[in-house]
Every structure is written in C-alpha cells, then in structure tokens.
Amino acid sequence: MAIVRLKGLNRLTKTLADGTRVTYFYAWKGGPRLPGKPGSPEFVAAYNDAVKDRRQRPKETLALLVSRYRQSPEFTGNSAAVQAEWGRWLAKIESDDIGELSFKALDDRRVRADLLEWRDQWQDRPRAADYAIQVLRRVLSWGVDRGLLERNAAAGVAELYSSNRADQMWDAGELARYRAAAPSPEVGFIAPLACLTGFRRTDLTQLAWPHVGDIAIKKPTSKSRGRAVQTVPLLPETRELLAQIRKQQLARHRELCALAERKGRSHPPMPVTVLSNTRGKPWTPDGLEAQVIKTKKAAQIDKHLHDARGTFATRLRKAGLDKTQIAMVLAWEEDRVERLLNTYVDDDPLILEIARKLNEA
C-alpha cells in the first residue's frame, strides 16, 4: 500500500496527568486537530477539508499582522535605532514557523506553548529571548487594540533574564582573561570600556571621540532619541584605556592605509567612533555583542555585557561618589545602588579588617 505524506502535518506528544503519553496530530502548526489515526480515511478526509478551508480563507496570519504593524504610527513613531532593532525581530517572526499562525490559532490558549517554544531557541541568551517575546507581545497587543485578535497570547510571559544580574560585576581577573582571549585588540577593548562608562551596547557603538571631554563624556542617549544627554565622569583608568584605544586605532589605520596603497585605493578615514573593528568601521550592536559572547565563552566567563553597569557603579563609589550621585549617573533608583554597594564595596573595609586581625592572631 502506498504511503501518502501529508504536507505540513504537525505532531504534538503530551504526557497526561496519569502519566500516559498521547500524540495529537494537527493539519499544520496552529491548525485544527485531526481525528482518527494517521492514514485512516477519517484522518485523511479531515486533513483535506482543513487544507481546502485554509486555501479559501484570507491569509490572516501572524506574518500579516507584523506587516500591518510595521506601517502603523505605533511603530513608525519610534526612533530610527528602535525601528532597526525591532525590525530585526519582526523579520524573525515573519520568517519563522510562528509567522504562519492564523488569527484563530493566536486566539487559542494552546498557542502559548508554540510561542514559548519559539522564544526558547535563544535560551542560551536570556536577554535576547526576553527581547523576542517583548517584540512579539507588542505586535499581539497592537492586534488586540485594532480588534484583529481577541487576546494577547504572549501577555504575562515571565522573563528568563534575572534582573538581579544587573547587580553583578566583572572583576579584574575576568577582564584580564577577556582581553587575553579576544581575537583582536579592538574586541578586547569592548568589555573594559563598558565597565568604565556603564554604557549599554548601542551607546557603546555610537560613542564618538567628540563626546569625550576633558573631565567627562557627554553623549546623547540612544533610548531618548538624542533628547537626553548622559554625562559620565572620566576616571583615571578610563583615560588610560581611551589612550590605548586611540593608539591601537592609529596603528590599525596605518596598516589599512598601507593595504590600500598596495591595492591602488585611496586611504580610509580615521575612525570617528571610540570603538571600531579591524577594518576601522564602527561596530553594529549585534556585531559587538556577538564578539563579546564569543570572547567570554572562550575565556570561560559567566558574565554579560550588561553586568558592566554594576561594575561601573562600584568604580564610581571607590572614586568617592555617594549613592545619590551614582544613581544620577546610571539613571538607577537609589535603593538599587545601595544594595549593590553594600554587597560589593561597603563590606570591603570590614572584610579586610577581619583578615588583618586573623593574621595578627
């Protein structure tokens, strides 16, 4: 007997409360459940009816919802940077399997499992996984507001990334291992500069030499569309690192100019941004983060780039700033600053005093 393969058939195995494992079949992912056993006349007939109905109905899918959201003022009213960042995730939603989910499927409570499965492909990058759900949740919310959907299936999804990680910090040994494992000096500068400025990845890529003053860095923040300016005091070690970066950029520029001469091309310009890649070009946010992830994995460091903000807070405290001043620089709540300082800074003198007494005894 010939075997008929049904295109798009989706199988889902579940464990019931009594421990029994059962397998359900659907005409497609998010489609109607099919009765009977695979290959039976009842099963094939139900499949054919479902496919026929799907072809006749308008293609009201999540991908279509994303396309319409792109044209809405709720999306176009954002800054160019936000549109670019969100646009990458919107494209993932459109191109992945969940983009084929129908409006009817999106209103079904069972679809939440499909959305979580889609998110979990980035479980090794919890911040990225949370960002994916954030964008998806916003699209579904927009669909509910416009009367296209009855419910937001992504509402209330717990974040994978623990907010307490923002209170962690890179120590000197980890930064040294990071720089040693970096594939180039340009990559090696990223994490140390983040720890000395508290800048997020987008602000790191946009930081330009004109932003660096005599006593502070003054840079329009990416989240405010340039309306707000973040002022970061220059610490002695920050000046030293910036000098190293500039020296490396000059050396790299000489190499690139020599290469251009050999190929009969004009000399490339000097980088305007503080951080640049080996081609003298500014980093993209994704490119910068990818290099950091690869390097810290090679160095066996269990820290994230975002943890650099907590590291910067401790450096500011050791430089003499109080919790109110640190909160102003980082735009944090004072109790968050106090919790971090109590953990990583304020106990240092006490611990050293205990160690001194133990040695004396």
# chains A, B, ... in the order shown; residues from 1 in each chain; ligands from 1

$ residues_around --residues "Pro271 in chain A" --least-positions-apart "4" --cutoff "8 Å" --atoms "only C-alpha atoms" --output "PyMOL selection string"
chain A and resi 249+276+280-282

$ write_last_selection --atoms "N, CA and C atoms" --output "mmCIF file, in the first residue's frame"
data_model
loop_
_atom_site.group_PDB
_atom_site.id
_atom_site.type_symbol
_atom_site.label_atom_id
_atom_site.label_comp_id
_atom_site.auth_asym_id
_atom_site.auth_seq_id
_atom_site.Cartn_x
_atom_site.Cartn_y
_atom_site.Cartn_z
ATOM 1 N N GLN A 249 43.981 52.372 17.300
ATOM 2 C CA GLN A 249 43.316 52.853 16.087
ATOM 3 C C GLN A 249 44.324 53.469 15.116
ATOM 4 N N SER A 276 35.958 50.539 17.277
ATOM 5 C CA SER A 276 35.888 50.211 15.854
ATOM 6 C C SER A 276 36.417 48.797 15.651
ATOM 7 N N GLY A 280 38.431 49.283 10.751
ATOM 8 C CA GLY A 280 38.299 50.698 11.059
ATOM 9 C C GLY A 280 36.875 51.204 10.984
ATOM 10 N N LYS A 281 35.916 50.290 10.966
ATOM 11 C CA LYS A 281 34.497 50.658 10.863
ATOM 12 C C LYS A 281 33.830 50.582 12.235
ATOM 13 N N PRO A 282 32.745 51.334 12.447
ATOM 14 C CA PRO A 282 32.006 51.225 13.717
ATOM 15 C C PRO A 282 31.354 49.852 13.842
#

$ closest_residue --among "A:Asp120, A:Glu42, A:Glu100, A:Glu237" --to "Lys59 in chain A" --atoms "only C-alpha atoms"
A:Glu100

$ residues_around --residues "Gln134 in chain A" --least-positions-apart "5" --cutoff "10 Å" --atoms "only C-alpha atoms" --output "list in words"
Trp86, Trp89, Ala128, Ala129, Val139, Ala154, Ala155, Val157 and Glu159 of chain A

$ closest_atom_pairs --of "range 185-292 of chain A" --to "range 299-315 of chain A" --cutoff "6 Å" --atoms "only C-alpha atoms" --output "CSV"
residue,atom,partner,partner_atom,distance
A:Ala194,CA,A:Ala308,CA,5.6
A:Cys195,CA,A:Ala308,CA,4.4
A:Leu196,CA,A:Phe312,CA,5.4
A:Gly198,CA,A:Arg309,CA,4.3

$ write_last_selection --atoms "N, CA and C atoms" --output "short mmCIF file (atom, residue, chain, number, x, y, z; two decimals), in the first residue's frame"
data_model
loop_
_atom_site.label_atom_id
_atom_site.label_comp_id
_atom_site.auth_asym_id
_atom_site.auth_seq_id
_atom_site.Cartn_x
_atom_site.Cartn_y
_atom_site.Cartn_z
N ALA A 194 33.03 49.22 28.62
CA ALA A 194 31.69 49.16 29.21
C ALA A 194 31.76 49.26 30.73
N CYS A 195 32.76 48.63 31.32
CA CYS A 195 32.91 48.66 32.78
C CYS A 195 33.35 50.01 33.29
N LEU A 196 33.91 50.85 32.43
CA LEU A 196 34.40 52.17 32.85
C LEU A 196 33.47 53.31 32.43
N GLY A 198 29.68 52.37 31.88
CA GLY A 198 28.31 51.96 32.17
C GLY A 198 27.40 52.04 30.97
#

$ atom_distance --atom1 "CA of Gly320 in chain A" --atom2 "CA of Arg239 in chain A"
17.2 Å

$ closest_residue --among "A:Lys7, A:Glu174, A:Leu34, A:Gly143" --to "Leu64 in chain A" --atoms "only C-alpha atoms"
A:Gly143

$ atom_distance --atom1 "CA of Met169 in chain A" --atom2 "CA of Pro192 in chain A"
11.6 Å

$ residues_around --residues "range 183-185 of chain A" --least-positions-apart "4" --cutoff "9 Å" --atoms "only C-alpha atoms" --output "CSV table (one decimal) with C-alpha atoms, in the first residue's frame"
chain,number,residue,atom,x,y,z
A,179,ARG,CA,41.3,40.7,26.9
A,189,PHE,CA,38.5,47.0,24.4
A,245,ILE,CA,42.3,52.6,22.1
A,248,GLN,CA,45.6,51.0,18.5
A,277,ASN,CA,36.5,46.8,14.2
A,278,THR,CA,39.7,45.6,12.5
A,291,GLN,CA,32.1,39.3,19.6
A,295,THR,CA,35.2,36.0,23.7

$ residues_around --residues "Leu234 in chain A" --least-positions-apart "4" --cutoff "8 Å" --atoms "only C-alpha atoms" --output "list in words"
Asp214, Ile215, Ala216, Ile217, Thr238 and Arg239 of chain A

$ residues_around --residues "range 66-83 of chain A" --least-positions-apart "2" --cutoff "9 Å" --atoms "only C-alpha atoms" --output "PyMOL selection string"
chain A and resi 61-64+85-88+90-91+93-94+99+136+139-140+142-143+202+222-225

$ write_last_selection --atoms "N, CA and C atoms" --output "compact mmCIF listing (two decimals), in the first residue's frame"
# COMPACT_ATOMS: atom_id res chain seq x y z
N THR A 61 -2.64 35.80 9.04
CA THR A 61 -1.60 35.14 9.83
C THR A 61 -0.82 36.16 10.64
N LEU A 62 0.02 35.63 11.53
CA LEU A 62 0.88 36.49 12.34
C LEU A 62 1.81 37.31 11.46
N ALA A 63 2.28 36.72 10.36
CA ALA A 63 3.15 37.45 9.44
C ALA A 63 2.44 38.66 8.86
N LEU A 64 1.15 38.50 8.53
CA LEU A 64 0.37 39.62 8.02
C LEU A 64 0.21 40.68 9.10
N GLU A 85 16.25 48.01 15.45
CA GLU A 85 16.37 46.91 16.41
C GLU A 85 15.12 46.04 16.41
N TRP A 86 13.95 46.68 16.49
CA TRP A 86 12.71 45.93 16.48
C TRP A 86 12.50 45.27 15.12
N GLY A 87 12.94 45.94 14.05
CA GLY A 87 12.76 45.40 12.71
C GLY A 87 13.43 44.05 12.54
N ARG A 88 14.58 43.86 13.17
CA ARG A 88 15.28 42.57 13.07
C ARG A 88 14.44 41.45 13.69
N LEU A 90 11.12 41.60 14.20
CA LEU A 90 9.90 41.45 13.41
C LEU A 90 10.15 40.55 12.20
N ALA A 91 11.33 40.70 11.59
CA ALA A 91 11.67 39.87 10.44
C ALA A 91 11.79 38.40 10.85
N ILE A 93 10.09 36.95 13.27
CA ILE A 93 8.73 36.46 13.47
C ILE A 93 8.09 36.11 12.13
N GLU A 94 8.29 36.98 11.15
CA GLU A 94 7.69 36.76 9.82
C GLU A 94 8.24 35.51 9.14
N GLY A 99 5.18 32.61 12.11
CA GLY A 99 4.59 33.58 11.20
C GLY A 99 3.38 33.04 10.47
N LEU A 136 7.22 40.43 20.20
CA LEU A 136 6.03 39.64 19.83
C LEU A 136 4.82 40.09 20.64
N VAL A 139 3.39 43.31 19.24
CA VAL A 139 2.64 43.09 17.99
C VAL A 139 1.26 42.54 18.30
N LEU A 140 1.19 41.55 19.19
CA LEU A 140 -0.09 40.95 19.53
C LEU A 140 -0.99 41.95 20.25
N TRP A 142 -0.95 45.14 19.79
CA TRP A 142 -1.43 46.04 18.73
C TRP A 142 -2.61 45.40 18.00
N GLY A 143 -2.51 44.09 17.75
CA GLY A 143 -3.59 43.39 17.08
C GLY A 143 -4.87 43.38 17.90
N THR A 202 24.31 49.64 22.53
CA THR A 202 24.06 50.60 21.46
C THR A 202 24.83 51.89 21.69
N SER A 222 20.83 56.71 23.38
CA SER A 222 20.10 56.11 22.26
C SER A 222 18.63 55.92 22.59
N LYS A 223 18.30 55.69 23.87
CA LYS A 223 16.91 55.42 24.24
C LYS A 223 16.03 56.66 24.19
N SER A 224 16.65 57.85 24.26
CA SER A 224 15.86 59.09 24.28
C SER A 224 15.76 59.75 22.92
N ARG A 225 16.27 59.06 21.87
CA ARG A 225 16.32 59.62 20.51
C ARG A 225 17.14 60.91 20.49

$ select_by_dssp --residues "range 51-273 of chain A" --states "strand (DSSP E)" --output "PyMOL selection string"
chain A and resi 216-220+229-233

$ atom_distance --atom1 "CA of Arg262 in chain A" --atom2 "CA of Arg246 in chain A"
24.5 Å

$ select_by_dssp --residues "range 141-286 of chain A" --states "alpha helix (DSSP H)" --output "number ranges by chain"
A: 141-145, 172-181, 185-188, 190-197, 201-206, 236-262, 285-286

$ residues_around --residues "range 145-149 of chain A" --least-positions-apart "6" --cutoff "9 Å" --atoms "only C-alpha atoms" --output "list of chain:residue names"
A:Leu65, A:Phe103, A:Lys104, A:Leu106, A:Asp107

$ write_last_selection --atoms "C-alpha atoms" --output "PDB file, in the first residue's frame"
ATOM      1  CA  LEU A  65      -0.159  41.182  11.458  1.00  0.00           C
ATOM      2  CA  PHE A 103      -5.533  34.721  13.848  1.00  0.00           C
ATOM      3  CA  LYS A 104      -7.786  31.902  15.048  1.00  0.00           C
ATOM      4  CA  LEU A 106      -3.398  33.054  18.067  1.00  0.00           C
ATOM      5  CA  ASP A 107      -6.668  33.354  19.989  1.00  0.00           C
TER       6      ASP A 107
END
